[in-house]
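This report refers to the structure that appears directly beneath it.
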Amino acid sequence: MQGQQQNLPEATINSLTADSNDQIAISLFEPKKEIRPEYNIGKFAGVIFASPYAKNVNEIRKYNWQVVDDDQTLDASLTVTPLTGQKTPTTTTFRVFLALIQVWEHIGFPEDGIVRFSARQLCNVIGWRWAGTDTANRIYEHLKILSGTSISWTLAYQSKDGQLSKLYDDMSILSSASYRQRGSLFEPEKFSIVQKIRLNPDLVDNMLAGHVRPMNYVAFKKIGNDTTAVLYTCLDLYLHKKPKWERRAVALLSSDLALMGKRYEKRFNRHAKLKEFVRELDGVALFTGTLRLAIEETADGKDWKLVARKEKTASPKRQRPIVKSVTSEEEAEMLADELIEMILRQPRSGKPNRAVIKFLCKLYPQPLLRQALSVAKADYQGKIKKTLTHVFVAEIKRAVQEHPKLQWYDDAPNTGQSN
DNA sequence: ATGAGGGTGACATCAGAACC
DNA sequence: GGTTCTGATGTCACCCTCAT
């Protein structure tokens with residue numbers, strides 16, 4: 001028996017079971033709105049975790065850039081190497097990782113980095129429904145990826161004192177992870193919380209020292225599309241210090257998001273993709289502030305570019321409800337005027353009816369209206385079938401009808417009456 | 001109730017091909 | 001050139017059972 005265990009993965013687990021730190025979060029708990037993953041992982045999340053639909057998920061990914069140190073320019077890089085036959089980390093992996101961090105925080109930040117959890121509990125934190133084998137396998141797979149993927153940092157890994165390490169080779173995010181399937185368990189533990197992982201001690205060290213990169217966990221979880229989630233993670237970082245960031249569609253799609261399709265050689269398809277991003281991310285909360293996205297034509301007219309801005313919220317701590325109550329008269333007027341002014345600045349704007357716009361401003365949340373305008377502006381460029389005002393109102397209607405909690409005023413006889 | 005696993009299928013995403 | 005269709009693949013939900 002003892003001899004047998006030496007070579008099994010269970011050997012690691014059994015040795016972990018013996019330690020005294022047995023804080024277990026038994027019941028399901030509500031994950032926090034904000035999450036503080038380790039600084040380096042959070043900073044490079046957009047690079048380390050790719051979209052699962054990206055074409056290169058089985059290959060080594062390497063990113064190079066330059067850093068300036070003591071007046072000399074040095075080459076920095078980050079290499080993500082999967083175990084053979086295994087995928088590189090995807091956004092799903094990132095979701096699992098963030099959930100593990102949540103559990104680790106919940107059980108009181110144990111210094112040894114050991115996290116015990118049940119698969120069902122982890123699902124609850126991530127926001128998945130428990131779906132049997134499929135979910136179990138998914139968690140199992142991504143735990144393997146987290147522990148098996150080797151990450152090498154050259155002049156990239158920043159320790160808690162702010163120093164860049166020259167080289168941090170062969171890091172794995174989890175120093176041990178083993179998903180124990182029911183069949184492998186013995187009777188007494190067969191129906192208890194059994195899963196157990198250990199976070200990389202250096203990462204734990206940094207997190208305990210407050211060397212973290214805070215994220216808006218609620219906003220991140222709501223993003224269903226994995227490519228969009230990668231973009232969100234990147235934008236959150238880019239807009240951390242700068243108020244504005246922009247990038248051409250070609251570079252954004254192929255190098256940042258690893259969308260390699262031939263279809264993106266066509267301008268139209270790039271534009272369509274950017275519109276998806278605007279639809280999904282415009283108005284989404286960042287850790288501080290709100291993300292604002294717009295599409296603009298590049299100066300040479302050959303491509304589009306995505307323009308991201310961070311809009312400051314008055315009190316970043318308080319989250320604005322998704323469906324806010326009816327706006328005050330004064331607020332609606334100000335918003336309506338602002339929107340109308342923005343519309344009139346465009347060519348072939350049409351003649352927006354102030355009363356109608358104000359009426360819509362009172363009825364629907366501000367982010368929805370602003371998003372509708374940016375989508376309308378993007379949609380409208382190129383094809384001049386109707387005026388921008390028409391497209392704008394049609395876009396509001398579409399967004400309202402897609403929204404689970406809103407209703408288009410014309411659809412129901414009793415909601416049109418306000419005031 | 002809670003810990004899981006099994007089977008099935010709907011839905012989303014991407015990308016190329018086909019169509020206008 | 002723009003736009004839509006189609007198929008491969010990945011993700012996730014539903015409903016079931018089992019054991020304590």
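Each chain of the structure tokens is named A, B, ... in the order shown, its residues numbered from 1; ligands are numbered from 1 in display order.
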Running DSSP on the backbone, which parts of range 114-309 of chain A land in alpha helix (DSSP H), as a ChimeraX atom specification? /A:119-126,133-148,201-208,217-222,226-238,249-251,267-281
Those same residues - C-alpha atoms - I'd like them written as a PDB file, in the first residue's frame.
```pdb
ATOM      1  CA  ALA A 119     -16.617  20.824  -7.756  1.00  0.00           C
ATOM      2  CA  ARG A 120     -20.194  21.913  -7.254  1.00  0.00           C
ATOM      3  CA  GLN A 121     -19.101  24.810  -5.106  1.00  0.00           C
ATOM      4  CA  LEU A 122     -16.588  25.934  -7.676  1.00  0.00           C
ATOM      5  CA  CYS A 123     -19.353  25.841 -10.276  1.00  0.00           C
ATOM      6  CA  ASN A 124     -21.447  28.095  -8.108  1.00  0.00           C
ATOM      7  CA  VAL A 125     -18.655  30.635  -7.875  1.00  0.00           C
ATOM      8  CA  ILE A 126     -17.943  30.581 -11.602  1.00  0.00           C
ATOM      9  CA  THR A 133     -19.746  14.519 -16.085  1.00  0.00           C
ATOM     10  CA  ASP A 134     -19.337  17.317 -18.494  1.00  0.00           C
ATOM     11  CA  THR A 135     -18.799  19.919 -15.782  1.00  0.00           C
ATOM     12  CA  ALA A 136     -16.601  17.604 -13.749  1.00  0.00           C
ATOM     13  CA  ASN A 137     -14.422  16.924 -16.770  1.00  0.00           C
ATOM     14  CA  ARG A 138     -14.247  20.594 -17.605  1.00  0.00           C
ATOM     15  CA  ILE A 139     -13.011  21.492 -14.140  1.00  0.00           C
ATOM     16  CA  TYR A 140     -10.611  18.559 -14.182  1.00  0.00           C
ATOM     17  CA  GLU A 141      -9.231  19.594 -17.559  1.00  0.00           C
ATOM     18  CA  HIS A 142      -8.620  23.175 -16.546  1.00  0.00           C
ATOM     19  CA  LEU A 143      -7.017  22.255 -13.237  1.00  0.00           C
ATOM     20  CA  LYS A 144      -4.616  20.128 -15.255  1.00  0.00           C
ATOM     21  CA  ILE A 145      -3.937  23.053 -17.555  1.00  0.00           C
ATOM     22  CA  LEU A 146      -3.316  25.382 -14.623  1.00  0.00           C
ATOM     23  CA  SER A 147      -0.777  23.059 -13.096  1.00  0.00           C
ATOM     24  CA  GLY A 148       0.696  21.667 -16.305  1.00  0.00           C
ATOM     25  CA  PRO A 201       3.705  29.933  -3.391  1.00  0.00           C
ATOM     26  CA  ASP A 202       5.166  32.972  -5.171  1.00  0.00           C
ATOM     27  CA  LEU A 203       1.742  34.007  -6.307  1.00  0.00           C
ATOM     28  CA  VAL A 204       0.362  33.536  -2.794  1.00  0.00           C
ATOM     29  CA  ASP A 205       3.250  35.578  -1.454  1.00  0.00           C
ATOM     30  CA  ASN A 206       2.413  38.450  -3.767  1.00  0.00           C
ATOM     31  CA  MET A 207      -1.290  38.300  -3.032  1.00  0.00           C
ATOM     32  CA  LEU A 208      -0.691  38.349   0.692  1.00  0.00           C
ATOM     33  CA  TYR A 217     -15.573  40.002 -11.068  1.00  0.00           C
ATOM     34  CA  VAL A 218     -19.287  40.488 -11.617  1.00  0.00           C
ATOM     35  CA  ALA A 219     -18.770  42.351 -14.873  1.00  0.00           C
ATOM     36  CA  PHE A 220     -16.239  39.820 -16.087  1.00  0.00           C
ATOM     37  CA  LYS A 221     -18.478  36.858 -15.364  1.00  0.00           C
ATOM     38  CA  LYS A 222     -21.341  38.382 -17.297  1.00  0.00           C
ATOM     39  CA  ASP A 226     -14.706  34.270 -24.648  1.00  0.00           C
ATOM     40  CA  THR A 227     -13.084  36.432 -27.281  1.00  0.00           C
ATOM     41  CA  THR A 228     -14.903  39.408 -25.840  1.00  0.00           C
ATOM     42  CA  ALA A 229     -13.747  38.379 -22.376  1.00  0.00           C
ATOM     43  CA  VAL A 230     -10.119  38.466 -23.543  1.00  0.00           C
ATOM     44  CA  LEU A 231     -10.698  41.909 -25.004  1.00  0.00           C
ATOM     45  CA  TYR A 232     -12.314  43.111 -21.783  1.00  0.00           C
ATOM     46  CA  THR A 233      -9.362  41.893 -19.761  1.00  0.00           C
ATOM     47  CA  CYS A 234      -6.955  43.690 -22.075  1.00  0.00           C
ATOM     48  CA  LEU A 235      -8.961  46.919 -22.121  1.00  0.00           C
ATOM     49  CA  ASP A 236      -9.279  46.934 -18.367  1.00  0.00           C
ATOM     50  CA  LEU A 237      -5.516  46.936 -18.212  1.00  0.00           C
ATOM     51  CA  TYR A 238      -4.889  49.438 -21.011  1.00  0.00           C
ATOM     52  CA  ALA A 249      -9.131  46.184 -36.523  1.00  0.00           C
ATOM     53  CA  VAL A 250      -6.541  44.142 -38.426  1.00  0.00           C
ATOM     54  CA  ALA A 251      -4.034  44.218 -35.581  1.00  0.00           C
ATOM     55  CA  ARG A 267     -13.373  45.066 -44.291  1.00  0.00           C
ATOM     56  CA  PHE A 268     -17.010  44.269 -43.770  1.00  0.00           C
ATOM     57  CA  ASN A 269     -16.276  41.261 -41.594  1.00  0.00           C
ATOM     58  CA  ARG A 270     -13.852  43.203 -39.444  1.00  0.00           C
ATOM     59  CA  HIS A 271     -16.461  45.871 -39.015  1.00  0.00           C
ATOM     60  CA  ALA A 272     -19.081  43.304 -38.060  1.00  0.00           C
ATOM     61  CA  LYS A 273     -16.754  41.858 -35.442  1.00  0.00           C
ATOM     62  CA  LEU A 274     -16.036  45.275 -33.953  1.00  0.00           C
ATOM     63  CA  LYS A 275     -19.764  45.909 -33.781  1.00  0.00           C
ATOM     64  CA  GLU A 276     -20.159  42.736 -31.737  1.00  0.00           C
ATOM     65  CA  PHE A 277     -17.542  44.040 -29.324  1.00  0.00           C
ATOM     66  CA  VAL A 278     -19.295  47.370 -29.006  1.00  0.00           C
ATOM     67  CA  ARG A 279     -22.616  45.665 -28.418  1.00  0.00           C
ATOM     68  CA  GLU A 280     -21.249  43.443 -25.701  1.00  0.00           C
ATOM     69  CA  LEU A 281     -18.772  45.695 -23.959  1.00  0.00           C
TER      70      LEU A 281
END
```
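All of the residues in chain C within 7 Å of chain A are DG2, DA13 and DT20 of chain C, where only C-alpha atoms (C1' of nucleotides) were counted.
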With only C-alpha atoms (C1' of nucleotides) considered, list every residue of chain B at most 8 Å from chain A, as a ChimeraX atom specification. /B:3-6,13-16
Export, as a compact mmCIF listing (two decimals), in the first residue's frame, the selected residues with N, CA and C atoms (P, O5', C5', C4', C3', O3' and C1' of nucleotides).
```txt
# COMPACT_ATOMS: atom_id res chain seq x y z
P DG B 3 -22.31 20.43 -1.34
O5' DG B 3 -21.75 19.04 -1.87
C5' DG B 3 -20.74 18.35 -1.13
C4' DG B 3 -20.53 16.98 -1.74
C3' DG B 3 -20.22 16.99 -3.22
O3' DG B 3 -18.81 17.18 -3.40
C1' DG B 3 -21.79 15.29 -2.70
P DA B 4 -18.24 17.32 -4.88
O5' DA B 4 -18.41 15.86 -5.46
C5' DA B 4 -18.52 15.68 -6.85
C4' DA B 4 -19.23 14.38 -7.09
C3' DA B 4 -19.40 14.04 -8.56
O3' DA B 4 -18.27 13.30 -8.97
C1' DA B 4 -21.38 13.55 -7.30
P DG B 5 -17.83 13.32 -10.46
O5' DG B 5 -18.85 12.31 -11.11
C5' DG B 5 -18.83 10.94 -10.73
C4' DG B 5 -19.87 10.19 -11.52
C3' DG B 5 -19.71 10.35 -13.03
O3' DG B 5 -19.93 9.09 -13.65
C1' DG B 5 -21.86 11.06 -12.38
P DG B 6 -19.75 8.94 -15.18
O5' DG B 6 -21.27 9.04 -15.67
C5' DG B 6 -22.22 8.08 -15.23
C4' DG B 6 -23.35 7.98 -16.22
C3' DG B 6 -22.96 8.21 -17.68
O3' DG B 6 -23.67 7.28 -18.50
C1' DG B 6 -24.57 9.83 -17.03
P DT B 13 -21.57 33.88 -28.62
O5' DT B 13 -20.41 33.28 -29.52
C5' DT B 13 -19.37 32.54 -28.90
C4' DT B 13 -18.48 31.99 -29.96
C3' DT B 13 -18.06 33.01 -31.02
O3' DT B 13 -16.67 33.23 -30.88
C1' DT B 13 -18.67 30.90 -31.97
P DC B 14 -15.93 34.30 -31.79
O5' DC B 14 -15.34 33.40 -32.96
C5' DC B 14 -14.63 32.21 -32.64
C4' DC B 14 -14.39 31.41 -33.89
C3' DC B 14 -13.86 32.23 -35.07
O3' DC B 14 -12.65 31.66 -35.49
C1' DC B 14 -15.70 30.84 -35.73
P DA B 15 -11.74 32.41 -36.50
O5' DA B 15 -12.17 31.71 -37.86
C5' DA B 15 -11.98 30.31 -38.00
C4' DA B 15 -12.51 29.89 -39.33
C3' DA B 15 -12.11 30.82 -40.49
O3' DA B 15 -11.79 30.02 -41.60
C1' DA B 15 -14.43 30.59 -40.44
P DG B 16 -10.81 30.53 -42.71
O5' DG B 16 -11.34 29.74 -43.98
C5' DG B 16 -11.73 28.39 -43.83
C4' DG B 16 -12.95 28.12 -44.66
C3' DG B 16 -12.88 28.67 -46.09
O3' DG B 16 -13.19 27.62 -46.99
C1' DG B 16 -14.90 29.32 -45.07
```
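One finds CA of Leu253 in chain A at 28.8 Å from CA of Ile343 in chain A.
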Which residues, written as a compact mmCIF listing (two decimals) with N, CA and C atoms (P, O5', C5', C4', C3', O3' and C1' of nucleotides), in the first residue's frame, have at least one atom at most 12 Å from DA10 in chain B, with only C-alpha atoms (C1' of nucleotides) counted and residues fewer than 5 positions away on the same chain left out?
```txt
# COMPACT_ATOMS: atom_id res chain seq x y z
P DT C 11 -14.57 25.16 -24.63
O5' DT C 11 -16.09 25.51 -24.35
C5' DT C 11 -16.59 26.77 -24.78
C4' DT C 11 -18.02 26.92 -24.32
C3' DT C 11 -18.26 26.66 -22.83
O3' DT C 11 -18.97 27.78 -22.33
C1' DT C 11 -19.81 25.45 -24.15
P DC C 12 -19.13 27.89 -20.74
O5' DC C 12 -20.59 27.29 -20.53
C5' DC C 12 -21.68 27.93 -21.20
C4' DC C 12 -22.91 27.06 -21.07
C3' DC C 12 -23.24 26.64 -19.64
O3' DC C 12 -24.57 27.01 -19.39
C1' DC C 12 -23.41 24.83 -21.12
P DA C 13 -25.12 27.09 -17.91
O5' DA C 13 -26.53 26.38 -18.14
C5' DA C 13 -27.27 26.71 -19.31
C4' DA C 13 -28.35 25.68 -19.51
C3' DA C 13 -29.02 25.21 -18.22
O3' DA C 13 -30.41 25.17 -18.44
C1' DA C 13 -28.17 23.35 -19.43
P DC C 14 -31.40 25.07 -17.22
O5' DC C 14 -32.14 23.70 -17.50
C5' DC C 14 -32.62 23.42 -18.82
C4' DC C 14 -32.86 21.95 -18.95
C3' DC C 14 -33.51 21.31 -17.72
O3' DC C 14 -34.75 20.75 -18.08
C1' DC C 14 -31.66 20.02 -18.50
```
Strand (DSSP E or B) positions in range 207-356 of chain A, given as number ranges by chain: A: 212, 215-216, 244-248, 285, 290-297, 304-311
What does the file look like for those residues with N, CA and C atoms, as an mmCIF file, in the first residue's frame?
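Writing the result to selection-v6.cif gives the following:
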```cif
data_model
loop_
_atom_site.group_PDB
_atom_site.id
_atom_site.type_symbol
_atom_site.label_atom_id
_atom_site.label_comp_id
_atom_site.auth_asym_id
_atom_site.auth_seq_id
_atom_site.Cartn_x
_atom_site.Cartn_y
_atom_site.Cartn_z
ATOM 1 N N VAL A 212 -1.542 42.895 -6.128
ATOM 2 C CA VAL A 212 -2.648 42.272 -6.851
ATOM 3 C C VAL A 212 -3.142 43.178 -7.966
ATOM 4 N N MET A 215 -10.001 43.288 -10.073
ATOM 5 C CA MET A 215 -10.882 43.187 -11.238
ATOM 6 C C MET A 215 -12.327 43.252 -10.792
ATOM 7 N N ASN A 216 -13.159 43.660 -11.705
ATOM 8 C CA ASN A 216 -14.590 43.638 -11.469
ATOM 9 C C ASN A 216 -15.098 42.247 -11.841
ATOM 10 N N LYS A 244 -7.748 56.823 -22.778
ATOM 11 C CA LYS A 244 -8.210 56.432 -24.108
ATOM 12 C C LYS A 244 -7.224 55.467 -24.743
ATOM 13 N N TRP A 245 -7.752 54.526 -25.497
ATOM 14 C CA TRP A 245 -6.910 53.553 -26.184
ATOM 15 C C TRP A 245 -7.568 53.196 -27.490
ATOM 16 N N GLU A 246 -6.794 53.109 -28.549
ATOM 17 C CA GLU A 246 -7.408 52.715 -29.818
ATOM 18 C C GLU A 246 -6.497 51.795 -30.594
ATOM 19 N N ARG A 247 -7.128 50.982 -31.453
ATOM 20 C CA ARG A 247 -6.341 50.010 -32.208
ATOM 21 C C ARG A 247 -7.065 49.673 -33.498
ATOM 22 N N ARG A 248 -6.274 49.485 -34.541
ATOM 23 C CA ARG A 248 -6.858 49.116 -35.832
ATOM 24 C C ARG A 248 -7.405 47.700 -35.784
ATOM 25 N N ALA A 285 -19.031 47.790 -16.761
ATOM 26 C CA ALA A 285 -18.227 48.371 -15.697
ATOM 27 C C ALA A 285 -16.826 47.792 -15.691
ATOM 28 N N THR A 290 -16.452 53.146 -16.226
ATOM 29 C CA THR A 290 -17.253 52.389 -17.179
ATOM 30 C C THR A 290 -16.562 52.406 -18.528
ATOM 31 N N LEU A 291 -16.642 51.298 -19.213
ATOM 32 C CA LEU A 291 -16.000 51.177 -20.508
ATOM 33 C C LEU A 291 -16.894 51.759 -21.599
ATOM 34 N N ARG A 292 -16.284 52.603 -22.420
ATOM 35 C CA ARG A 292 -17.014 53.166 -23.557
ATOM 36 C C ARG A 292 -16.310 52.789 -24.835
ATOM 37 N N LEU A 293 -17.010 52.175 -25.748
ATOM 38 C CA LEU A 293 -16.390 51.732 -26.989
ATOM 39 C C LEU A 293 -17.049 52.401 -28.178
ATOM 40 N N ALA A 294 -16.255 52.691 -29.174
ATOM 41 C CA ALA A 294 -16.793 53.246 -30.411
ATOM 42 C C ALA A 294 -15.950 52.741 -31.569
ATOM 43 N N ILE A 295 -16.551 52.781 -32.745
ATOM 44 C CA ILE A 295 -15.833 52.367 -33.949
ATOM 45 C C ILE A 295 -15.620 53.595 -34.810
ATOM 46 N N GLU A 296 -14.392 53.760 -35.264
ATOM 47 C CA GLU A 296 -14.122 54.885 -36.161
ATOM 48 C C GLU A 296 -13.386 54.370 -37.375
ATOM 49 N N GLU A 297 -13.556 55.104 -38.470
ATOM 50 C CA GLU A 297 -12.825 54.731 -39.670
ATOM 51 C C GLU A 297 -11.404 55.250 -39.535
ATOM 52 N N TRP A 304 -11.088 49.854 -39.988
ATOM 53 C CA TRP A 304 -11.790 50.468 -38.873
ATOM 54 C C TRP A 304 -10.895 50.404 -37.650
ATOM 55 N N LYS A 305 -11.195 51.230 -36.687
ATOM 56 C CA LYS A 305 -10.454 51.079 -35.438
ATOM 57 C C LYS A 305 -11.416 51.106 -34.257
ATOM 58 N N LEU A 306 -11.022 50.405 -33.243
ATOM 59 C CA LEU A 306 -11.817 50.358 -32.028
ATOM 60 C C LEU A 306 -11.261 51.405 -31.071
ATOM 61 N N VAL A 307 -12.134 52.273 -30.606
ATOM 62 C CA VAL A 307 -11.691 53.320 -29.690
ATOM 63 C C VAL A 307 -12.324 53.059 -28.325
ATOM 64 N N ALA A 308 -11.473 52.873 -27.330
ATOM 65 C CA ALA A 308 -11.977 52.585 -25.991
ATOM 66 C C ALA A 308 -11.687 53.749 -25.064
ATOM 67 N N ARG A 309 -12.672 54.110 -24.295
ATOM 68 C CA ARG A 309 -12.493 55.172 -23.309
ATOM 69 C C ARG A 309 -13.014 54.695 -21.971
ATOM 70 N N LYS A 310 -12.457 55.291 -20.944
ATOM 71 C CA LYS A 310 -12.978 54.979 -19.611
ATOM 72 C C LYS A 310 -13.767 56.172 -19.106
ATOM 73 N N GLU A 311 -15.002 55.896 -18.752
ATOM 74 C CA GLU A 311 -15.856 56.958 -18.235
ATOM 75 C C GLU A 311 -15.861 56.847 -16.719
#
```
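Rounded to one decimal, CA of Ala209 in chain A and CA of Glu105 in chain A lie 13.5 Å from each other.
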I want to know what sits within 9 Å of Phe49 in chain A, based on only C-alpha atoms (C1' of nucleotides), with residues of the same chain fewer than 5 positions away left out; could you give that as a PDB file with N, CA and C atoms, in the first residue's frame?
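Result file follows (selection.pdb):
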```pdb
ATOM      1  N   PHE A  44      -1.143  40.047 -17.173  1.00  0.00           N
ATOM      2  CA  PHE A  44      -0.940  39.386 -18.462  1.00  0.00           C
ATOM      3  C   PHE A  44      -2.048  38.393 -18.794  1.00  0.00           C
ATOM      4  N   THR A  88      -3.370  25.188 -24.339  1.00  0.00           N
ATOM      5  CA  THR A  88      -2.879  26.291 -23.523  1.00  0.00           C
ATOM      6  C   THR A  88      -4.067  26.857 -22.754  1.00  0.00           C
ATOM      7  N   PRO A  89      -3.812  27.657 -21.729  1.00  0.00           N
ATOM      8  CA  PRO A  89      -4.920  28.178 -20.934  1.00  0.00           C
ATOM      9  C   PRO A  89      -5.872  29.021 -21.774  1.00  0.00           C
ATOM     10  N   THR A  90      -7.151  28.849 -21.553  1.00  0.00           N
ATOM     11  CA  THR A  90      -8.159  29.646 -22.243  1.00  0.00           C
ATOM     12  C   THR A  90      -8.894  30.494 -21.208  1.00  0.00           C
ATOM     13  N   THR A  91      -9.822  31.285 -21.678  1.00  0.00           N
ATOM     14  CA  THR A  91     -10.574  32.107 -20.732  1.00  0.00           C
ATOM     15  C   THR A  91     -11.348  31.234 -19.747  1.00  0.00           C
ATOM     16  N   THR A  92     -11.720  30.042 -20.186  1.00  0.00           N
ATOM     17  CA  THR A  92     -12.376  29.122 -19.252  1.00  0.00           C
ATOM     18  C   THR A  92     -11.412  28.787 -18.110  1.00  0.00           C
ATOM     19  N   THR A  93     -10.137  28.575 -18.470  1.00  0.00           N
ATOM     20  CA  THR A  93      -9.120  28.339 -17.445  1.00  0.00           C
ATOM     21  C   THR A  93      -9.049  29.529 -16.494  1.00  0.00           C
ATOM     22  N   PHE A  94      -9.130  30.712 -17.077  1.00  0.00           N
ATOM     23  CA  PHE A  94      -9.071  31.929 -16.262  1.00  0.00           C
ATOM     24  C   PHE A  94     -10.256  31.975 -15.297  1.00  0.00           C
ATOM     25  N   VAL A 230     -11.543  38.162 -23.403  1.00  0.00           N
ATOM     26  CA  VAL A 230     -10.119  38.466 -23.543  1.00  0.00           C
ATOM     27  C   VAL A 230      -9.956  39.963 -23.797  1.00  0.00           C
TER      28      VAL A 230
END
```
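Here the question is which of A:Ile41, A:Ile151, A:Leu239, A:Ile48 gets nearest to Leu98 in chain A using only C-alpha atoms, and that residue is A:Ile41.
Picture a line from CA of Lys87 in chain A to CA of Asp75 in chain A; it runs 26.7 Å.
Non-sequential neighbours of Leu155 in chain A (distance at most 9 Å, separation of 2 or more positions within a chain, only C-alpha atoms (C1' of nucleotides)) are Val67, Leu74, Asp75, Ala76, Ser77, Leu78, Trp153, Tyr157, Gln158, Leu164, Ser165, Lys166, Leu167 and Tyr168 of chain A.
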